[in-house]
Structure formats: structure tokens, C-alpha cells
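J.: Structure: query.pdb, PDB, C-alpha atoms.
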ATOM      1  CA  MET A   1      20.613  39.765  -1.059
ATOM      2  CA  ARG A   2      21.514  43.060   0.591
ATOM      3  CA  VAL A   3      25.288  43.538   0.687
ATOM      4  CA  ALA A   4      27.039  46.230   2.709
ATOM      5  CA  ILE A   5      30.116  47.510   0.910
ATOM      6  CA  ALA A   6      32.779  49.884   2.137
ATOM      7  CA  GLY A   7      36.396  50.758   1.641
ATOM      8  CA  ASP A   8      38.941  53.297   2.707
ATOM      9  CA  HIS A   9      40.585  55.794   0.342
ATOM     10  CA  ARG A  10      42.802  53.109  -1.208
ATOM     11  CA  GLY A  11      39.777  50.894  -1.820
ATOM     12  CA  TYR A  12      37.486  53.651  -3.083
ATOM     13  CA  HIS A  13      37.754  53.056  -6.843
ATOM     14  CA  LEU A  14      37.483  49.267  -6.595
ATOM     15  CA  LYS A  15      34.559  49.643  -4.165
ATOM     16  CA  GLU A  16      32.659  51.712  -6.691
ATOM     17  CA  GLU A  17      33.214  49.091  -9.417
ATOM     18  CA  VAL A  18      32.254  46.231  -7.105
ATOM     19  CA  ALA A  19      29.140  48.029  -5.841
ATOM     20  CA  ALA A  20      27.910  48.443  -9.423
ATOM     21  CA  PHE A  21      28.681  44.773 -10.093
ATOM     22  CA  ILE A  22      26.740  43.656  -7.008
ATOM     23  CA  GLN A  23      23.706  45.544  -8.263
ATOM     24  CA  ALA A  24      24.146  44.194 -11.787
ATOM     25  CA  GLN A  25      24.043  40.686 -10.280
ATOM     26  CA  GLY A  26      20.585  41.433  -8.868
ATOM     27  CA  HIS A  27      21.626  42.244  -5.307
ATOM     28  CA  GLU A  28      21.303  45.486  -3.398
ATOM     29  CA  ALA A  29      24.529  47.300  -2.528
ATOM     30  CA  LEU A  30      24.462  49.322   0.691
ATOM     31  CA  ASN A  31      27.354  51.753   0.148
ATOM     32  CA  LEU A  32      28.831  52.770   3.507
ATOM     33  CA  GLY A  33      31.733  54.832   2.121
ATOM     34  CA  ALA A  34      34.289  56.134   1.600
ATOM     35  CA  PHE A  35      32.658  58.510  -0.778
ATOM     36  CA  ASP A  36      35.877  60.053  -2.092
ATOM     37  CA  VAL A  37      39.634  59.478  -2.140
ATOM     38  CA  GLU A  38      40.427  61.671   0.853
ATOM     39  CA  ILE A  39      42.589  59.772   3.347
ATOM     40  CA  SER A  40      40.405  57.655   5.616
ATOM     41  CA  ASP A  41      40.853  54.798   8.064
ATOM     42  CA  TYR A  42      39.823  51.218   7.270
ATOM     43  CA  PRO A  43      38.767  50.426  10.891
ATOM     44  CA  ASP A  44      35.946  52.961  10.558
ATOM     45  CA  PHE A  45      34.569  51.101   7.559
ATOM     46  CA  ALA A  46      35.069  47.695   9.162
ATOM     47  CA  LYS A  47      32.995  48.903  12.094
ATOM     48  CA  ALA A  48      30.300  50.306   9.783
ATOM     49  CA  ILE A  49      29.967  47.008   7.918
ATOM     50  CA  GLY A  50      29.994  45.012  11.147
ATOM     51  CA  GLU A  51      27.282  47.123  12.684
ATOM     52  CA  ALA A  52      25.180  46.958   9.510
ATOM     53  CA  LEU A  53      25.311  43.155   9.655
ATOM     54  CA  GLN A  54      24.567  43.138  13.388
ATOM     55  CA  ARG A  55      21.475  45.299  12.843
ATOM     56  CA  GLY A  56      20.295  43.146   9.959
ATOM     57  CA  ASP A  57      20.642  45.967   7.436
ATOM     58  CA  ALA A  58      22.661  43.594   5.236
ATOM     59  CA  GLU A  59      23.268  39.853   5.054
ATOM     60  CA  ARG A  60      26.898  40.041   3.919
ATOM     61  CA  GLY A  61      29.616  42.594   3.485
ATOM     62  CA  VAL A  62      32.494  43.419   1.170
ATOM     63  CA  LEU A  63      35.294  45.472   2.710
ATOM     64  CA  ILE A  64      38.186  46.895   0.703
ATOM     65  CA  CYS A  65      41.466  48.509   1.697
ATOM     66  CA  GLY A  66      44.885  48.593   0.040
ATOM     67  CA  SER A  67      46.012  45.063   0.902
ATOM     68  CA  GLY A  68      42.834  43.667   2.469
ATOM     69  CA  VAL A  69      44.797  42.666   5.557
ATOM     70  CA  GLY A  70      43.931  45.615   7.793
ATOM     71  CA  ALA A  71      40.288  45.421   6.770
ATOM     72  CA  SER A  72      40.187  41.741   7.707
ATOM     73  CA  VAL A  73      41.897  42.279  11.056
ATOM     74  CA  ALA A  74      39.570  45.150  11.982
ATOM     75  CA  ALA A  75      36.360  43.488  10.803
ATOM     76  CA  ASN A  76      37.036  40.412  12.915
ATOM     77  CA  LYS A  77      36.993  42.596  16.044
ATOM     78  CA  VAL A  78      33.262  43.165  15.584
ATOM     79  CA  LYS A  79      31.081  40.577  17.303
ATOM     80  CA  GLY A  80      29.372  38.255  14.863
ATOM     81  CA  ILE A  81      31.676  39.044  11.981
ATOM     82  CA  ARG A  82      33.610  36.304  10.256
ATOM     83  CA  ALA A  83      35.793  38.130   7.764
ATOM     84  CA  ALA A  84      38.588  36.860   5.565
ATOM     85  CA  ILE A  85      40.827  38.275   2.904
ATOM     86  CA  CYS A  86      40.352  36.234  -0.258
ATOM     87  CA  HIS A  87      42.185  36.761  -3.488
ATOM     88  CA  ASP A  88      41.236  33.435  -5.079
ATOM     89  CA  VAL A  89      37.794  32.227  -6.118
ATOM     90  CA  TYR A  90      38.001  28.938  -4.221
ATOM     91  CA  SER A  91      38.540  30.628  -0.853
ATOM     92  CA  ALA A  92      35.837  33.231  -1.502
ATOM     93  CA  GLY A  93      33.215  30.524  -1.943
ATOM     94  CA  GLN A  94      34.638  27.946   0.450
ATOM     95  CA  GLY A  95      34.871  30.544   3.220
ATOM     96  CA  VAL A  96      31.096  30.832   3.128
ATOM     97  CA  MET A  97      30.368  27.126   2.602
ATOM     98  CA  HIS A  98      32.650  25.794   5.348
ATOM     99  CA  ASP A  99      33.121  28.729   7.735
ATOM    100  CA  ASP A 100      29.993  30.876   7.330
ATOM    101  CA  MET A 101      32.176  33.840   6.355
ATOM    102  CA  ASN A 102      29.989  36.927   6.169
ATOM    103  CA  VAL A 103      32.511  39.602   5.150
ATOM    104  CA  LEU A 104      34.799  39.327   2.142
ATOM    105  CA  CYS A 105      37.912  41.496   2.388
ATOM    106  CA  LEU A 106      39.764  42.551  -0.739
ATOM    107  CA  GLY A 107      43.021  44.357  -1.434
ATOM    108  CA  ALA A 108      42.603  47.032  -4.073
ATOM    109  CA  ASP A 109      46.376  47.258  -4.545
ATOM    110  CA  ILE A 110      46.610  43.481  -5.028
ATOM    111  CA  ILE A 111      43.790  42.537  -7.397
ATOM    112  CA  GLY A 112      42.058  44.185 -10.313
ATOM    113  CA  VAL A 113      38.416  44.779 -11.103
ATOM    114  CA  THR A 114      37.928  41.554 -13.063
ATOM    115  CA  GLN A 115      39.314  39.385 -10.271
ATOM    116  CA  ALA A 116      37.313  41.300  -7.652
ATOM    117  CA  LYS A 117      34.098  40.641  -9.559
ATOM    118  CA  GLU A 118      34.862  36.916  -9.763
ATOM    119  CA  LEU A 119      35.554  36.813  -6.022
ATOM    120  CA  VAL A 120      32.368  38.674  -5.146
ATOM    121  CA  LYS A 121      30.333  36.403  -7.418
ATOM    122  CA  ALA A 122      31.729  33.306  -5.677
ATOM    123  CA  PHE A 123      31.193  34.863  -2.231
ATOM    124  CA  LEU A 124      27.591  35.864  -2.884
ATOM    125  CA  GLY A 125      26.768  32.634  -4.699
ATOM    126  CA  ALA A 126      27.861  30.365  -1.858
ATOM    127  CA  THR A 127      25.724  29.046   0.994
ATOM    128  CA  PHE A 128      26.886  27.784   4.378
ATOM    129  CA  LEU A 129      26.774  23.978   4.615
ATOM    130  CA  ASN A 130      25.034  24.034   7.976
ATOM    131  CA  GLU A 131      25.662  20.387   8.859
ATOM    132  CA  GLY A 132      28.105  17.989  10.454
ATOM    133  CA  ARG A 133      31.647  19.192  10.871
ATOM    134  CA  TYR A 134      30.898  22.642   9.451
ATOM    135  CA  ARG A 135      28.183  23.306  12.047
ATOM    136  CA  ARG A 136      30.370  21.846  14.831
ATOM    137  CA  ARG A 137      33.304  24.046  13.859
ATOM    138  CA  LEU A 138      31.164  27.177  13.597
ATOM    139  CA  GLU A 139      29.720  26.489  17.048
ATOM    140  CA  LYS A 140      33.269  26.283  18.429
ATOM    141  CA  VAL A 141      34.157  29.591  16.798
ATOM    142  CA  LEU A 142      31.011  31.201  18.203
ATOM    143  CA  ALA A 143      31.818  29.824  21.668
ATOM    144  CA  MET A 144      35.333  31.311  21.440
ATOM    145  CA  GLU A 145      33.836  34.660  20.473
ATOM    146  CA  ALA A 146      31.319  34.551  23.329
ATOM    147  CA  ALA A 147      34.047  33.672  25.836
ATOM    148  CA  SER A 148      36.306  36.491  24.688
ATOM    149  CA  CYS A 149      33.407  38.947  24.884
ATOM    150  CA  GLY A 150      32.642  37.899  28.470
ATOM    151  CA  GLN A 151      29.360  36.150  27.738
TER     152      GLN A 151
END
Show this structure as C-alpha cells.
T.:
Amino acid sequence: MRVAIAGDHRGYHLKEEVAAFIQAQGHEALNLGAFDVEISDYPDFAKAIGEALQRGDAERGVLICGSGVGASVAANKVKGIRAAICHDVYSAGQGVMHDDMNVLCLGADIIGVTQAKELVKAFLGATFLNEGRYRRRLEKVLAMEAASCGQ
């Protein structure tokens, strides 16, 4: 799987560790920055990941900022993105299985490298249960998105 990964200055070090882990798990990591610890803005990276997924350059994304909250808020402003901050393994996998989450947001100031790797493994290992109530709920979410985008 091709995974877009990005993070602001506060997420830089964790992003580098997670990108290496993604590759070690047999996936391709598309590193969209930041490329150093100079102060940067998480919305820029949320947009970059969102656009990469929209174009089909990646199937999923991992977005990292200090708390994960801002990254999640910003990523969900991009059409087609279903992002959530997850700091437990259950939510990281369940978010994909039940909600077709395509961007995992992490807080570099909240979790460590070991926990981040476990979350990413659960996120990338999960598959959307495209049936019954899960499909119905996703269709409602997509309809809400289309309505708010004027479509």
C-alpha cells in the first residue's frame, strides 16, 4: 500500500520514525514533509495529504502534529478525507473497518514511537467492512459531505 505521511515541525521526528516503520512493514511511504524542524503549519500538511489521496497518489495517510487535534480538524476539511485522531489500537483499526477512515492523525507530544507504530500497524492492517450498516453509514457521511460542498 502507498501511504502519504506528513507532519508539522512538532511531528517531524515521529514522522521520520513512522515513515521508516511503514516501509519496514512492506508499504511505500510518500513523505510530504516537513523536512526539518523549522516552524511550519499543520494545515499545509493536511492539505498535501488530502490532495495526494484525491489524486490517487496514496491509498491512506498518516498526519502528525503536536496533539493530533489540529491535524484531524484540518484534514477533514478536504473533500473525500475521513481523518481521526487515534491514540489507541482499537480505534485505529475500527476507524477503518467501520468508518472507512483514510487518514490517521497522531499527536507527537502525546504518544511515543512504540505506540505510534502499533497504531499505524492497526490502521494499515484494517479493511473497511463494506456491508450493511457500515456501508449505509458511510453513504450518509458522503451525502453530508456532498451537500456541504454544494454538489
J.: Between atom CA of A:Ala143 and atom CA of A:Glu59, what is the distance, to one decimal in Å?
T.: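 Here the two named atoms are 21.2 Å from each other.
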J.: For the PyMOL selection byres ((chain A and resi 66) around 8), applied here, can you spell out every residue it catches as a ChimeraX atom specification?
T.: /A:10-11,64-65,67-68,106-110
J.: When you count only C-alpha atoms, which of these residues is closest to A:Ile111: A:Leu63, A:Asp36, A:Leu142, A:Cys86?
T.: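 For A:Ile111, the nearest of the given residues is A:Cys86.
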J.: A:Gly61: which residues within 7 Å, counting all atoms listed in the file, same-chain residues fewer than 5 positions away excluded, as a PDB file with C-alpha atoms, keeping the file's coordinate frame?
T.:
ATOM      1  CA  VAL A   3      25.288  43.538   0.687  1.00  0.00           C
ATOM      2  CA  ALA A   4      27.039  46.230   2.709  1.00  0.00           C
ATOM      3  CA  ILE A   5      30.116  47.510   0.910  1.00  0.00           C
ATOM      4  CA  ILE A  49      29.967  47.008   7.918  1.00  0.00           C
ATOM      5  CA  ASN A 102      29.989  36.927   6.169  1.00  0.00           C
ATOM      6  CA  VAL A 103      32.511  39.602   5.150  1.00  0.00           C
ATOM      7  CA  LEU A 104      34.799  39.327   2.142  1.00  0.00           C
TER       8      LEU A 104
END
J.: Which of these residues is nearest to A:Gly80, using all atoms listed in the file: A:Glu51, A:Glu38, A:Glu118, A:Asp99?
T.: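 Under the stated criterion, the closest residue is A:Glu51.
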J.: Report the residues retrieved by the PyMOL selection byres ((chain A and resi 33-35) around 6) from the displayed file, expressed as a PyMOL selection string.
T.: chain A and resi 6-8+31-32+36
J.: What separation in Å, quoted to one decimal, exists between atom CA of A:Val141 and atom CA of A:Leu30?
T.: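 Separation of atom CA of A:Val141 and atom CA of A:Leu30: 27.3 Å.
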J.: May I ask which of the residues A:Met97, A:Ala126, A:Val73, A:Cys105 is the closest one to A:Leu138, counting only C-alpha atoms?
T.: A:Met97
